[in-house]
$ cat final-v7.txt   # compact mmCIF, C-alpha atoms and all ligand atoms
# COMPACT_ATOMS: atom_id res chain seq x y z
CA MET E 1 132.67 100.92 49.45
CA SER E 2 129.94 100.88 46.80
CA GLU E 3 127.80 103.98 46.23
CA VAL E 4 124.62 102.30 47.39
CA ILE E 5 126.19 101.13 50.67
CA LYS E 6 127.58 104.62 51.29
CA LYS E 7 124.16 106.08 50.68
CA LEU E 8 122.45 103.54 52.97
CA ILE E 9 124.86 104.36 55.81
CA ARG E 10 124.53 108.10 55.24
CA GLU E 11 120.78 108.41 54.76
CA ARG E 12 119.42 105.25 56.36
CA LYS E 13 117.00 104.81 53.51
CA LEU E 14 117.10 103.99 49.82
CA SER E 15 114.76 103.93 46.84
CA GLU E 16 113.23 100.60 45.89
CA ASP E 17 115.65 100.29 42.94
CA GLU E 18 118.57 100.97 45.23
CA TYR E 19 117.42 98.28 47.68
CA GLU E 20 117.34 95.88 44.76
CA LEU E 21 120.90 96.84 43.84
CA LEU E 22 121.96 96.44 47.47
CA ILE E 23 120.59 92.89 47.51
CA LYS E 24 122.36 92.08 44.26
CA GLU E 25 125.58 93.45 45.75
CA TYR E 26 125.59 90.85 48.52
CA SER E 27 129.10 89.63 49.23
CA PRO E 28 130.72 88.51 52.48
CA GLU E 29 132.69 91.78 52.52
CA ASN E 30 129.59 93.91 52.07
CA ALA E 31 127.79 91.82 54.68
CA ASP E 32 130.61 92.65 57.13
CA LEU E 33 130.38 96.34 56.35
CA LEU E 34 126.63 96.43 56.98
CA ALA E 35 126.90 94.26 60.08
CA GLN E 36 129.47 96.67 61.56
CA GLU E 37 127.18 99.61 60.93
CA ALA E 38 124.14 97.74 62.27
CA VAL E 39 125.97 96.72 65.45
CA LYS E 40 127.14 100.30 65.99
CA ILE E 41 123.60 101.64 65.69
CA ARG E 42 122.12 98.98 67.96
CA LYS E 43 124.85 99.55 70.54
CA SER E 44 124.08 103.26 70.67
CA ILE E 45 120.41 102.53 71.43
CA TYR E 46 120.31 99.20 73.29
CA GLY E 47 123.90 98.72 74.47
CA ASN E 48 124.85 95.06 74.47
CA LYS E 49 121.48 93.90 75.75
CA VAL E 50 119.60 91.03 74.16
CA TYR E 51 115.93 90.70 75.12
CA ILE E 52 114.21 87.38 75.58
CA ARG E 53 110.56 86.49 74.92
CA GLY E 54 108.89 83.31 76.08
CA LEU E 55 107.09 81.78 73.10
CA ILE E 56 103.94 79.82 73.86
CA GLU E 57 102.48 77.95 70.89
CA ILE E 58 98.85 77.85 71.98
CA GLY E 59 97.47 75.62 69.21
CA ASN E 60 97.99 74.43 65.66
CA VAL E 61 94.38 74.28 64.50
CA CYS E 62 94.16 76.59 61.47
CA LYS E 63 91.50 77.55 58.95
CA ASN E 64 94.08 78.97 56.56
CA ASP E 65 96.00 77.16 53.88
CA CYS E 66 99.25 79.10 53.43
CA LEU E 67 101.27 77.05 50.97
CA TYR E 68 104.53 77.21 52.95
CA CYS E 69 103.19 76.39 56.39
CA GLY E 70 103.27 72.97 58.05
CA ILE E 71 100.12 73.61 60.09
CA ARG E 72 98.03 74.61 57.03
CA LYS E 73 94.48 73.32 56.99
CA SER E 74 95.12 70.81 54.17
CA ASN E 75 97.92 69.03 56.01
CA LYS E 76 96.18 65.85 57.12
CA ASN E 77 99.37 64.57 58.77
CA CYS E 78 99.39 67.41 61.27
CA ASP E 79 98.37 66.20 64.72
CA ARG E 80 96.16 69.03 65.91
CA TYR E 81 96.14 70.31 69.49
CA THR E 82 94.88 73.25 71.50
CA LEU E 83 96.32 74.17 74.88
CA SER E 84 93.82 74.80 77.65
CA GLU E 85 93.70 78.07 79.52
CA GLU E 86 95.31 76.34 82.51
CA ASP E 87 98.11 74.99 80.29
CA ILE E 88 98.83 78.47 79.00
CA LEU E 89 98.77 80.06 82.45
CA SER E 90 101.10 77.38 83.74
CA CYS E 91 103.52 78.08 80.83
CA CYS E 92 103.47 81.74 81.91
CA LYS E 93 104.13 80.77 85.51
CA ASN E 94 107.04 78.60 84.50
CA GLY E 95 108.34 81.39 82.24
CA TYR E 96 107.99 84.02 84.96
CA THR E 97 110.05 81.90 87.35
CA LEU E 98 112.71 81.46 84.69
CA GLY E 99 112.89 85.26 84.34
CA PHE E 100 110.77 86.02 81.28
CA ARG E 101 108.92 89.34 81.32
CA THR E 102 107.38 89.05 77.86
CA PHE E 103 105.11 86.23 76.75
CA VAL E 104 104.27 85.67 73.11
CA LEU E 105 101.14 83.68 72.29
CA GLN E 106 101.38 82.28 68.78
CA GLY E 107 99.13 79.88 66.93
CA GLY E 108 97.00 78.87 64.00
CA GLU E 109 93.90 80.86 63.15
CA GLY E 110 90.22 80.39 63.89
CA GLY E 111 90.66 77.71 66.56
CA HIS E 112 89.45 77.72 70.14
CA PHE E 113 90.97 81.02 71.22
CA THR E 114 89.06 83.72 69.36
CA GLY E 115 86.72 86.53 70.34
CA GLU E 116 85.76 86.81 73.99
CA ARG E 117 87.57 83.60 74.96
CA LEU E 118 90.84 85.07 73.76
CA CYS E 119 90.16 88.43 75.44
CA SER E 120 89.45 86.66 78.69
CA LEU E 121 92.75 84.77 78.43
CA VAL E 122 94.59 88.03 77.79
CA ARG E 123 92.98 89.63 80.85
CA LYS E 124 93.90 86.68 83.03
CA ILE E 125 97.54 86.72 81.96
CA LYS E 126 97.81 90.47 82.47
CA GLU E 127 96.13 90.23 85.88
CA ALA E 128 98.49 87.51 87.02
CA TYR E 129 101.61 89.19 85.54
CA PRO E 130 101.01 92.95 85.44
CA ASP E 131 104.75 93.60 85.11
CA CYS E 132 104.97 91.53 81.91
CA ALA E 133 104.35 92.48 78.31
CA LEU E 134 102.00 90.29 76.30
CA THR E 135 102.53 89.83 72.58
CA LEU E 136 100.01 88.13 70.31
CA SER E 137 100.86 86.42 67.02
CA LEU E 138 97.51 84.99 66.03
CA GLY E 139 97.01 86.22 62.51
CA GLU E 140 94.43 88.28 60.71
CA LYS E 141 91.41 89.66 62.53
CA THR E 142 88.91 92.48 62.14
CA ARG E 143 89.73 95.91 63.51
CA GLU E 144 87.09 95.41 66.21
CA GLU E 145 88.72 92.17 67.33
CA TYR E 146 92.13 93.85 67.52
CA GLU E 147 90.61 96.73 69.50
CA ALA E 148 89.05 94.33 71.98
CA LEU E 149 92.39 92.56 72.48
CA TYR E 150 94.16 95.85 73.03
CA LYS E 151 91.53 96.87 75.55
CA ALA E 152 91.92 93.50 77.27
CA GLY E 153 95.58 94.40 77.85
CA ALA E 154 97.65 92.94 74.99
CA ASP E 155 100.67 95.16 74.35
CA ARG E 156 102.18 93.96 71.10
CA TYR E 157 101.13 92.14 67.94
CA LEU E 158 103.31 90.28 65.48
CA LEU E 159 101.95 89.82 61.98
CA ARG E 160 104.57 89.25 59.33
CA HIS E 161 103.51 90.74 56.02
CA GLU E 162 105.30 87.72 54.39
CA THR E 163 105.95 89.60 51.13
CA ALA E 164 105.11 93.16 50.11
CA ASP E 165 104.54 92.19 46.47
CA SER E 166 100.90 91.29 45.84
CA GLU E 167 101.63 88.96 42.92
CA HIS E 168 104.19 87.11 45.06
CA TYR E 169 101.74 87.12 47.98
CA SER E 170 99.17 85.34 45.83
CA ARG E 171 101.66 82.59 44.97
CA LEU E 172 102.31 81.90 48.67
CA HIS E 173 98.70 82.00 49.82
CA PRO E 174 95.26 80.73 48.77
CA PRO E 175 92.97 83.26 47.03
CA SER E 176 91.10 83.90 50.29
CA LEU E 177 94.16 85.69 51.68
CA THR E 178 95.32 88.97 50.15
CA LEU E 179 98.18 91.37 50.70
CA GLU E 180 95.60 94.12 50.87
CA ASN E 181 93.97 92.63 53.96
CA ARG E 182 97.36 91.84 55.53
CA MET E 183 98.31 95.51 55.15
CA ARG E 184 94.92 96.62 56.48
CA CYS E 185 95.60 94.51 59.57
CA LEU E 186 99.07 95.98 60.08
CA TYR E 187 97.90 99.59 59.75
CA ASP E 188 94.93 98.90 62.08
CA LEU E 189 97.23 97.35 64.69
CA LYS E 190 99.56 100.31 64.63
CA ASP E 191 96.72 102.81 64.68
CA ILE E 192 95.08 101.09 67.68
CA GLY E 193 98.31 101.47 69.65
CA PHE E 194 99.93 98.04 69.57
CA GLN E 195 103.69 97.83 69.29
CA THR E 196 103.46 96.20 65.91
CA GLY E 197 105.71 93.73 64.12
CA CYS E 198 105.86 92.95 60.40
CA GLY E 199 108.37 90.70 58.65
CA PHE E 200 109.02 88.19 55.92
CA MET E 201 110.70 84.93 55.01
CA VAL E 202 113.99 85.00 53.14
CA GLY E 203 114.20 82.65 50.18
CA SER E 204 110.50 81.82 49.99
CA PRO E 205 109.46 80.23 46.67
CA PHE E 206 109.22 82.75 43.80
CA GLN E 207 110.94 85.48 45.81
CA THR E 208 113.21 87.73 43.72
CA GLU E 209 115.53 90.64 44.45
CA SER E 210 112.70 92.86 43.31
CA THR E 211 110.14 91.44 45.78
CA LEU E 212 112.73 91.65 48.59
CA ALA E 213 113.38 95.29 47.68
CA LYS E 214 109.65 95.89 48.20
CA ASP E 215 109.86 94.22 51.62
CA LEU E 216 112.66 96.58 52.60
CA LYS E 217 110.87 99.66 51.26
CA PHE E 218 107.68 98.71 53.07
CA THR E 219 109.56 98.09 56.32
CA GLU E 220 111.36 101.43 56.02
CA ILE E 221 108.08 103.28 55.50
CA PHE E 222 106.04 101.34 58.07
CA GLN E 223 108.66 101.71 60.81
CA PRO E 224 107.49 98.69 62.83
CA GLU E 225 108.45 98.33 66.50
CA MET E 226 109.41 94.71 65.73
CA CYS E 227 110.39 92.83 62.60
CA GLY E 228 110.55 89.05 62.19
CA ILE E 229 112.83 87.83 59.44
CA GLY E 230 113.85 84.22 59.01
CA PRO E 231 114.83 81.88 56.21
CA PHE E 232 112.09 79.89 54.49
CA ILE E 233 112.44 76.18 55.33
CA PRO E 234 110.37 73.60 53.41
CA HIS E 235 107.89 71.38 55.21
CA LYS E 236 107.48 67.85 53.87
CA ASP E 237 103.68 67.90 53.86
CA THR E 238 103.19 71.16 51.95
CA PRO E 239 103.13 72.00 48.23
CA PHE E 240 106.52 73.69 48.74
CA ARG E 241 108.20 70.50 50.01
CA ASP E 242 110.73 70.43 47.16
CA PHE E 243 111.78 74.07 47.24
CA PRO E 244 115.20 74.85 48.68
CA ALA E 245 115.56 76.54 52.05
CA GLY E 246 116.51 80.22 52.28
CA ASN E 247 120.05 81.37 52.80
CA VAL E 248 121.48 82.11 56.26
CA ASN E 249 123.98 84.70 55.03
CA MET E 250 121.37 86.61 53.03
CA THR E 251 119.06 86.55 56.07
CA CYS E 252 121.83 88.09 58.20
CA TYR E 253 122.60 90.69 55.52
CA LEU E 254 118.93 91.72 55.55
CA LEU E 255 118.87 91.83 59.36
CA SER E 256 121.68 94.39 59.15
CA VAL E 257 119.80 96.43 56.55
CA ILE E 258 116.65 96.43 58.71
CA ARG E 259 118.65 97.60 61.75
CA ILE E 260 120.06 100.48 59.69
CA ILE E 261 116.73 101.63 58.26
CA CYS E 262 114.76 101.06 61.52
CA PRO E 263 117.32 101.81 64.26
CA GLN E 264 114.98 101.26 67.24
CA VAL E 265 113.46 98.06 65.94
CA LEU E 266 113.29 94.98 68.19
CA LEU E 267 114.71 92.40 65.85
CA PRO E 268 114.68 88.70 66.67
CA ALA E 269 117.31 86.21 65.67
CA THR E 270 114.63 83.68 64.74
CA THR E 271 114.20 79.98 65.41
CA ALA E 272 114.34 79.34 61.65
CA LEU E 273 117.80 80.92 61.58
CA GLY E 274 118.86 78.72 64.50
CA THR E 275 117.38 75.67 62.77
CA LEU E 276 119.36 76.14 59.54
CA SER E 277 122.67 76.96 61.15
CA GLU E 278 124.33 75.73 64.33
CA ASN E 279 125.24 79.26 65.37
CA GLY E 280 122.36 80.94 63.59
CA ARG E 281 121.19 82.85 66.63
CA GLU E 282 124.68 84.20 67.34
CA LYS E 283 125.10 85.17 63.68
CA GLY E 284 121.81 87.01 63.84
CA ILE E 285 122.86 88.97 66.94
CA LEU E 286 126.20 89.83 65.36
CA SER E 287 124.31 91.13 62.31
CA GLY E 288 122.14 93.53 64.32
CA ALA E 289 119.38 91.45 65.93
CA ASN E 290 118.62 91.99 69.64
CA VAL E 291 115.80 89.61 70.56
CA ILE E 292 115.63 85.85 71.09
CA MET E 293 112.40 83.93 71.62
CA PRO E 294 113.00 80.66 73.46
CA ASN E 295 110.24 78.09 73.44
CA LEU E 296 108.02 77.90 76.55
CA SER E 297 105.39 75.53 75.12
CA PRO E 298 104.73 72.18 76.81
CA GLU E 299 106.99 69.44 75.38
CA ASP E 300 104.30 67.57 73.44
CA ALA E 301 102.98 70.76 71.85
CA ARG E 302 106.43 71.60 70.54
CA GLU E 303 106.56 68.52 68.34
CA LYS E 304 103.16 69.32 66.91
CA TYR E 305 103.81 72.97 66.15
CA MET E 306 105.91 72.07 63.10
CA LEU E 307 105.85 75.05 60.79
CA TYR E 308 108.75 73.58 58.78
CA ASN E 309 111.00 70.50 58.76
CA ASN E 310 113.17 69.91 61.86
CA LYS E 311 112.05 73.08 63.64
CA LEU E 312 114.23 73.42 66.74
CA SER E 313 112.64 73.51 70.15
CA SER E 314 115.21 71.89 72.38
CA GLY E 315 118.70 72.83 73.62
CA ALA E 316 119.36 76.55 73.76
CA GLU E 317 116.07 76.96 71.90
CA SER E 318 114.04 75.85 74.92
CA ALA E 319 113.22 78.15 77.79
CA GLU E 320 114.43 75.62 80.38
CA LYS E 321 117.93 75.84 78.95
CA LEU E 322 118.10 79.57 79.44
CA HIS E 323 121.43 79.29 81.24
CA GLU E 324 122.90 77.63 78.15
CA LEU E 325 121.60 80.41 75.95
CA LYS E 326 122.94 83.03 78.36
CA LYS E 327 126.40 81.53 78.14
CA ARG E 328 126.35 81.35 74.37
CA ILE E 329 125.30 84.98 74.13
CA GLN E 330 127.91 86.03 76.70
CA ASN E 331 130.54 84.28 74.63
CA ILE E 332 129.90 86.69 71.77
CA GLY E 333 129.99 89.73 74.06
CA TYR E 334 126.31 90.29 74.72
CA GLU E 335 124.07 90.04 77.75
CA ILE E 336 120.62 88.46 78.06
CA VAL E 337 118.38 90.69 80.14
CA CYS E 338 115.04 89.89 81.69
CA ALA E 339 113.38 93.30 81.27
CA ARG E 340 110.13 93.72 79.34
CA GLY E 341 112.22 95.27 76.60
CA ASP E 342 109.85 97.72 74.96
CA ALA E 343 110.90 99.52 71.80
CA GLU E 344 112.87 102.69 72.49
CA ARG E 345 111.02 105.83 71.41
CA LYS E 346 112.11 107.27 68.11
CA ARG E 347 114.35 110.28 68.53
N1 LIG Z 1 98.91 82.43 62.05
C1 LIG Z 1 99.87 83.37 62.55
C2 LIG Z 1 101.16 82.71 62.97
C3 LIG Z 1 101.87 82.05 61.82
S1 LIG Z 1 103.36 81.20 62.20
C4 LIG Z 1 100.12 84.44 61.52
O1 LIG Z 1 99.69 84.31 60.38
O2 LIG Z 1 100.73 85.43 61.86
C5 LIG Z 1 104.50 82.51 62.28
C6 LIG Z 1 105.40 82.72 61.09
O3 LIG Z 1 106.11 81.54 60.76
C7 LIG Z 1 104.71 83.08 59.80
O4 LIG Z 1 104.39 84.44 59.77
C8 LIG Z 1 105.72 82.68 58.74
O5 LIG Z 1 106.48 83.80 58.27
C9 LIG Z 1 106.63 81.69 59.47
N2 LIG Z 1 106.63 80.41 58.75
C10 LIG Z 1 105.57 79.61 58.45
N3 LIG Z 1 105.96 78.57 57.70
C11 LIG Z 1 107.29 78.69 57.51
C12 LIG Z 1 108.28 77.95 56.80
N4 LIG Z 1 107.95 76.86 56.10
N5 LIG Z 1 109.56 78.37 56.84
C13 LIG Z 1 109.90 79.47 57.54
N6 LIG Z 1 109.02 80.23 58.21
C14 LIG Z 1 107.73 79.85 58.20
$ encode --input "final-v7.txt" --output "structure tokens"
Amino acid sequence: MSEVIKKLIRERKLSEDEYELLIKEYSPENADLLAQEAVKIRKSIYGNKVYIRGLIEIGNVCKNDCLYCGIRKSNKNCDRYTLSEEDILSCCKNGYTLGFRTFVLQGGEGGHFTGERLCSLVRKIKEAYPDCALTLSLGEKTREEYEALYKAGADRYLLRHETADSEHYSRLHPPSLTLENRMRCLYDLKDIGFQTGCGFMVGSPFQTESTLAKDLKFTEIFQPEMCGIGPFIPHKDTPFRDFPAGNVNMTCYLLSVIRIICPQVLLPATTALGTLSENGREKGILSGANVIMPNLSPEDAREKYMLYNNKLSSGAESAEKLHELKKRIQNIGYEIVCARGDAERKR
């Protein structure tokens, strides 16, 4: 076993240079070693439970122009939609019946659901489903807006940092978006009391071992309750259309590292992973992930919420096929549970 892997297993943290070395040392054998350690740690905290979250894509209207994203403002081929409040509540109802006890509202930024309208939606969902957790994934807001949403009853907030290297950040985003503000948002969310999720794409354009090492160091220091990591996948109507997709094996390797450095983290095996590889979700679970987020959006919204080419939303990816997903997860020795699935307290 290499020195850096021994040290990671022993100390559960590394210096930035050591993370870089660890990434360069990727091999199928090393991936197995880290996956074994990650699975052991997860087992000791969460047993063989896999938590499910019902993902509701509430709209694809967006004022931002992130260069990788299919719903960016400049994409004129994107057929824009916004769900109504009734649509969203009926998705929750459907999800509740299917057994979901966490709903995740995700969407573009600056559309219909902002300010008081969004707070009112949050209150209505929490009133109707007081035993459910509500996660928001609606991008950058002011501290006051986050506080209002927390007060309205939202429990968790997902905001991937995308890359912890500011130079890299500026190559993925327009000048109006900065790493500094992204970080301000993340620290505000945590400080307000949200269970907070950061995360990044694997294999995004211009990513290097050095920028990935920064992502790992940031994640280790931030100690998020959740962390979303998935491969970059090009979208045909974005400036990054000709860049290659990220690597499934590297994504799984990094999932294992994240589990080791943040033992309690709720770590999804993402849709992007499932899109790139037939058994992507299973591979993610076997690498240390413990969350899956099936799609609860109405059928026609699913086609329009195209963040990248061929994004999956049917089969085991869709909430209605939960039984199929349950079987697949059972087949690898795990169990889908319907609990809220909050992050375990740090010991
Ligand atoms: N506006 C919200 C939600 C964005 S979509 C926000 O900024 O948080 C959720 C995540 O999808 C993003 O954080 C990004 O990491 C991921 N994503 C977007 N485009 C992608 C692509 N082309 N390939 C892979 N993941 C992508």
$ closest_atom_pairs --input "final-v7.txt" --of "chain E" --to "ligand LIG 1 (chain Z)" --cutoff "6 Å" --atoms "all atoms listed in the file" --output "Markdown table"
| residue | atom | partner | partner_atom | distance |
| --- | --- | --- | --- | --- |
| E:Tyr68 | CA | Z:LIG1 | N4 | 4.7 |
| E:Cys69 | CA | Z:LIG1 | N3 | 3.8 |
| E:Gln106 | CA | Z:LIG1 | C2 | 5.8 |
| E:Gly107 | CA | Z:LIG1 | C2 | 5.3 |
| E:Gly108 | CA | Z:LIG1 | N1 | 4.5 |
| E:Glu109 | CA | Z:LIG1 | N1 | 5.4 |
| E:Ser137 | CA | Z:LIG1 | O2 | 5.3 |
| E:Leu138 | CA | Z:LIG1 | C1 | 4.5 |
| E:Gly139 | CA | Z:LIG1 | C4 | 3.7 |
| E:Leu159 | CA | Z:LIG1 | O2 | 4.6 |
| E:Arg160 | CA | Z:LIG1 | O4 | 4.8 |
| E:Glu162 | CA | Z:LIG1 | O5 | 5.6 |
| E:Phe200 | CA | Z:LIG1 | O5 | 5.6 |
| E:Met201 | CA | Z:LIG1 | O5 | 5.5 |
| E:Pro231 | CA | Z:LIG1 | C13 | 5.6 |
| E:Phe232 | CA | Z:LIG1 | N5 | 3.8 |
| E:Ile233 | CA | Z:LIG1 | N5 | 3.9 |
| E:Pro234 | CA | Z:LIG1 | N4 | 4.9 |
| E:His235 | CA | Z:LIG1 | N4 | 5.6 |
| E:Leu307 | CA | Z:LIG1 | N3 | 4.7 |
| E:Tyr308 | CA | Z:LIG1 | N4 | 4.3 |
$ write_last_selection --input "final-v7.txt" --atoms "C-alpha atoms" --output "compact mmCIF listing (two decimals), in the coordinates of the input"
# COMPACT_ATOMS: atom_id res chain seq x y z
CA TYR E 68 104.53 77.21 52.95
CA CYS E 69 103.19 76.39 56.39
CA GLN E 106 101.38 82.28 68.78
CA GLY E 107 99.13 79.88 66.93
CA GLY E 108 97.00 78.87 64.00
CA GLU E 109 93.90 80.86 63.15
CA SER E 137 100.86 86.42 67.02
CA LEU E 138 97.51 84.99 66.03
CA GLY E 139 97.01 86.22 62.51
CA LEU E 159 101.95 89.82 61.98
CA ARG E 160 104.57 89.25 59.33
CA GLU E 162 105.30 87.72 54.39
CA PHE E 200 109.02 88.19 55.92
CA MET E 201 110.70 84.93 55.01
CA PRO E 231 114.83 81.88 56.21
CA PHE E 232 112.09 79.89 54.49
CA ILE E 233 112.44 76.18 55.33
CA PRO E 234 110.37 73.60 53.41
CA HIS E 235 107.89 71.38 55.21
CA LEU E 307 105.85 75.05 60.79
CA TYR E 308 108.75 73.58 58.78
$ residues_around --input "final-v7.txt" --residues "stretch 292-294 of chain E" --least-positions-apart "6" --cutoff "6 Å" --atoms "only C-alpha atoms" --output "tab-separated table (two decimals) with C-alpha atoms, in the coordinates of the input"
chain	number	residue	atom	x	y	z
E	52	ILE	CA	114.21	87.38	75.58
E	53	ARG	CA	110.56	86.49	74.92
E	54	GLY	CA	108.89	83.31	76.08
E	55	LEU	CA	107.09	81.78	73.10
E	268	PRO	CA	114.68	88.70	66.67
E	269	ALA	CA	117.31	86.21	65.67
E	317	GLU	CA	116.07	76.96	71.90
E	318	SER	CA	114.04	75.85	74.92
E	319	ALA	CA	113.22	78.15	77.79
$ residues_near_point --input "final-v7.txt" --point "(99.9, 64.9, 59.3)" --cutoff "12 Å" --atoms "all atoms listed in the file" --output "list in words"
Asn60, Gly70, Ile71, Arg72, Lys73, Ser74, Asn75, Lys76, Asn77, Cys78, Asp79, Arg80, His235, Lys236, Asp237, Thr238, Glu303, Lys304, Tyr305, Met306 and Leu307 of chain E
$ residues_around --input "final-v7.txt" --residues "E:Leu267" --least-positions-apart "6" --cutoff "7 Å" --atoms "all atoms listed in the file" --output "PyMOL selection string"
chain E and resi 226-228+289-291
$ residues_around --input "final-v7.txt" --residues "stretch 320-329 of chain E" --least-positions-apart "5" --cutoff "8 Å" --atoms "all atoms listed in the file" --output "number ranges by chain"
E: 98, 282, 294, 296, 315, 334-336
$ residues_around --input "final-v7.txt" --residues "E:Phe243" --least-positions-apart "2" --cutoff "9 Å" --atoms "only C-alpha atoms" --output "list in words"
Ser204, Pro205, Ile233, Pro234, Pro239, Phe240, Arg241 and Ala245 of chain E
